[in-house]
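Have a look at my_file.cif below; it lists mmCIF, C-alpha atoms.
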```
data_final
#
loop_
_atom_site.label_atom_id
_atom_site.label_comp_id
_atom_site.auth_asym_id
_atom_site.auth_seq_id
_atom_site.Cartn_x
_atom_site.Cartn_y
_atom_site.Cartn_z
CA MET A 1 -50.31 7.80 12.10
CA ARG A 2 -50.05 4.04 12.12
CA THR A 3 -50.15 3.98 8.29
CA LEU A 4 -47.31 6.51 8.09
CA GLY A 5 -45.14 4.42 10.43
CA PHE A 6 -45.85 1.28 8.44
CA SER A 7 -45.03 3.10 5.18
CA LEU A 8 -41.68 4.31 6.55
CA LEU A 9 -40.85 0.82 7.76
CA LEU A 10 -41.73 -0.67 4.37
CA VAL A 11 -39.57 1.90 2.52
CA THR A 12 -36.64 1.11 4.83
CA PHE A 13 -36.91 -2.64 4.17
CA VAL A 14 -37.11 -2.10 0.42
CA ALA A 15 -34.04 0.15 0.51
CA LEU A 16 -32.06 -2.37 2.55
CA ALA A 17 -33.05 -5.21 0.24
CA GLY A 18 -31.19 -3.43 -2.58
CA CYS A 19 -27.94 -3.31 -0.57
CA ARG A 20 -25.37 -6.03 -1.04
CA SER A 21 -21.91 -6.65 0.23
CA ARG A 22 -18.99 -6.44 -2.16
CA VAL A 23 -16.83 -9.53 -1.63
CA ILE A 24 -14.15 -11.46 -3.45
CA GLU A 25 -14.53 -15.23 -3.61
CA VAL A 26 -11.10 -16.80 -3.16
CA THR A 27 -10.93 -20.34 -4.55
CA LEU A 28 -7.96 -22.49 -3.53
CA ILE A 29 -7.28 -25.57 -5.67
CA ASN A 30 -4.66 -28.19 -4.84
CA SER A 31 -3.52 -29.08 -8.35
CA SER A 32 -0.89 -31.56 -7.13
CA SER A 33 -1.08 -35.28 -6.45
CA GLN A 34 -0.18 -34.86 -2.76
CA PRO A 35 -1.89 -33.02 0.09
CA LEU A 36 -1.00 -29.49 1.17
CA SER A 37 -1.28 -28.30 4.76
CA ILE A 38 -1.31 -25.19 6.94
CA ILE A 39 -2.54 -22.87 4.20
CA VAL A 40 -2.75 -19.28 5.44
CA VAL A 41 -4.33 -16.60 3.25
CA ASP A 42 -3.64 -13.01 4.26
CA TYR A 43 -5.55 -10.15 2.64
CA PRO A 44 -5.96 -6.47 3.59
CA GLY A 45 -7.76 -6.45 6.91
CA ALA A 46 -7.94 -10.14 7.81
CA THR A 47 -6.65 -13.69 7.42
CA PHE A 48 -8.17 -17.12 6.94
CA GLY A 49 -6.69 -20.58 6.86
CA VAL A 50 -7.17 -24.18 5.83
CA ASN A 51 -5.59 -27.02 7.83
CA GLN A 52 -5.28 -29.43 4.92
CA LEU A 53 -6.24 -29.54 1.25
CA ALA A 54 -6.33 -32.98 -0.37
CA PRO A 55 -5.07 -33.59 -3.92
CA ASN A 56 -7.40 -32.02 -6.52
CA ALA A 57 -9.60 -30.58 -3.73
CA THR A 58 -11.10 -27.09 -3.79
CA TYR A 59 -11.78 -24.67 -0.93
CA ARG A 60 -13.79 -21.43 -1.33
CA TYR A 61 -13.93 -18.49 1.02
CA ALA A 62 -15.44 -15.00 0.59
CA VAL A 63 -13.25 -12.08 1.68
CA LYS A 64 -13.93 -8.37 2.03
CA PRO A 65 -10.73 -6.28 1.85
CA GLN A 66 -10.71 -3.34 4.26
CA SER A 67 -7.88 -1.44 2.53
CA THR A 68 -5.35 -1.82 -0.30
CA GLY A 69 -2.76 -4.59 -0.23
CA SER A 70 -1.69 -7.84 -1.80
CA LEU A 71 -3.18 -11.27 -1.31
CA LYS A 72 -0.48 -13.38 0.36
CA ILE A 73 -0.51 -17.14 0.78
CA GLN A 74 1.73 -19.40 2.85
CA PHE A 75 1.46 -23.19 2.60
CA THR A 76 3.33 -26.35 3.48
CA ASP A 77 4.00 -29.08 0.93
CA ALA A 78 3.87 -32.85 1.57
CA GLN A 79 7.57 -32.89 2.54
CA GLY A 80 7.09 -30.21 5.21
CA GLN A 81 8.66 -27.34 3.25
CA ASN A 82 7.06 -23.90 3.57
CA HIS A 83 6.25 -21.81 0.50
CA THR A 84 4.93 -18.30 -0.03
CA TYR A 85 3.03 -16.67 -2.86
CA THR A 86 2.13 -13.03 -3.38
CA GLY A 87 -0.96 -12.60 -5.49
CA PRO A 88 -2.84 -9.66 -6.93
CA GLU A 89 -3.35 -6.33 -5.22
CA LEU A 90 -6.78 -5.96 -3.63
CA HIS A 91 -8.68 -2.76 -2.85
CA LYS A 92 -11.57 -1.88 -0.58
CA ASN A 93 -14.87 -2.38 -2.48
CA ASP A 94 -13.36 -4.80 -5.03
CA GLU A 95 -15.62 -7.67 -5.95
CA GLY A 96 -15.28 -10.76 -8.10
CA GLY A 97 -13.11 -13.82 -7.75
CA ILE A 98 -9.56 -15.10 -7.50
CA THR A 99 -8.67 -18.70 -8.30
CA VAL A 100 -5.35 -19.84 -6.82
CA ARG A 101 -3.88 -23.12 -8.03
CA LEU A 102 -1.44 -24.53 -5.50
CA ALA A 103 1.20 -27.09 -6.43
CA GLN A 104 3.78 -28.62 -4.12
CA ASP A 105 6.32 -25.85 -4.77
CA LYS A 106 4.44 -22.90 -6.30
CA ALA A 107 1.13 -21.15 -6.84
CA THR A 108 -0.51 -19.33 -9.73
CA SER A 109 -3.66 -17.25 -9.83
CA GLU A 110 -6.39 -16.03 -12.14
CA THR A 111 -8.13 -12.84 -11.13
CA TYR A 112 -11.61 -11.60 -11.99
CA LEU A 113 -12.06 -8.35 -10.07
CA SER A 114 -13.97 -5.15 -10.54
CA ALA A 115 -13.78 -2.07 -8.33
CA ARG A 116 -16.96 -0.33 -7.22
#
```
Now, as a test, write the supplied structure out as structure tokens.
Amino acid sequence: MRTLGFSLLLVTFVALAGCRSRVIEVTLINSSSQPLSIIVVDYPGATFGVNQLAPNATYRYAVKPQSTGSLKIQFTDAQGQNHTYTGPELHKNDEGGITVRLAQDKATSETYLSAR
């Protein structure tokens, strides 16, 4: 009986070891020569933010969309002006990466996503 219980426990651990979470790594890059502040990234199901991003600095964050919707970014330039950017559409179970290059007045993105 003890061997059967151990065998079931071992099979469960092996099965769980094969599971992995599907996430999208969002990489924010300040490509300008001045800092950016109050960066808010909204994606389907949640939001994350960065208080300040120095010139040429990079910030990475893994997200897991809970539904379908666009990646949206708000940020403030060095002069205190607010800017918005709407990025690619994300779907539940997407995985891969998005690189967003932020300048003082705009943003551009490169997307590497696959749906599962």
Take CA of Asn82 in chain A and CA of Lys64 in chain A and report the distance between them in Å, one decimal.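 It comes out at 26.2 Å.
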Excluding same-chain residues fewer than 6 positions from Arg22 in chain A, what lies within 8 Å of it counting only C-alpha atoms, as number ranges by chain? A: 64, 93-95
Near Ile24 in chain A, counting only C-alpha atoms, which residues have an atom at most 9 Å away, once you skip same-chain residues fewer than 2 positions from it, shown as a PyMOL selection string? chain A and resi 22+26+61-65+94-98+112-113
May I have the selected residues written with C-alpha atoms, as a short mmCIF file (atom, residue, chain, number, x, y, z; two decimals), in the frame of the given file?
```cif
data_model
loop_
_atom_site.label_atom_id
_atom_site.label_comp_id
_atom_site.auth_asym_id
_atom_site.auth_seq_id
_atom_site.Cartn_x
_atom_site.Cartn_y
_atom_site.Cartn_z
CA ARG A 22 -18.99 -6.44 -2.16
CA VAL A 26 -11.10 -16.80 -3.16
CA TYR A 61 -13.93 -18.49 1.02
CA ALA A 62 -15.44 -15.00 0.59
CA VAL A 63 -13.25 -12.08 1.68
CA LYS A 64 -13.93 -8.37 2.03
CA PRO A 65 -10.73 -6.28 1.85
CA ASP A 94 -13.36 -4.80 -5.03
CA GLU A 95 -15.62 -7.67 -5.95
CA GLY A 96 -15.28 -10.76 -8.10
CA GLY A 97 -13.11 -13.82 -7.75
CA ILE A 98 -9.56 -15.10 -7.50
CA TYR A 112 -11.61 -11.60 -11.99
CA LEU A 113 -12.06 -8.35 -10.07
#
```
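By chain and then residue number, the residues within 10 Å of Val100 in chain A are Val26, Thr27, Leu28, Ile29, Asn30, Ser31, Thr58, Tyr59, Ile73, Tyr85, Gly87, Ala107, Thr108, Ser109, Glu110 and Thr111 of chain A, counting all atoms listed in the file and disregarding those fewer than 5 positions away in sequence.
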For Gln74 in chain A, list every protein, DNA or RNA residue within 8 Å, evaluated using all atoms listed in the file, and leave out those in the same chain fewer than 2 positions away; present the list as a PyMOL selection string. chain A and resi 38-41+72+76+82-85
Between CA of Gln52 in chain A and CA of Thr68 in chain A, what is the spacing in Å? 28.1 Å
Using all atoms listed in the file, pick whichever of A:Thr47, A:Asn56, A:Ser21, A:Ser114 has the shortest atom-to-atom distance to Leu102 in chain A.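 Answer, going by the shortest atom-to-atom distance: A:Asn56.
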Which residue gives the smallest distance to Ser32 in chain A among A:Leu71, A:Ala115, A:Val50, A:Ala57, with all atoms listed in the file counted?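 Of A:Leu71, A:Ala115, A:Val50, A:Ala57, the one nearest Ser32 in chain A, counting all atoms listed in the file, is A:Ala57.
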Which residues, named as in the file, does the PyMOL selection byres ((chain A and resi 77) around 7) pick out? Answer as a list in words. Leu36, Ser37, Phe75, Thr76, Ala78, Gln79, Gly80, Gln81, Asn82, Gln104 and Asp105 of chain A
What is the CA of Pro35 in chain A to CA of Phe48 in chain A distance in Å?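 Separation between CA of Pro35 in chain A and CA of Phe48 in chain A: 18.4 Å.
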Nearest to Lys106 in chain A, chosen from A:Pro44, A:Pro55, A:Thr86, A:Ser70, with only C-alpha atoms counted in the distances: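 Counting only C-alpha atoms, the residue closest to Lys106 in chain A is A:Thr86.
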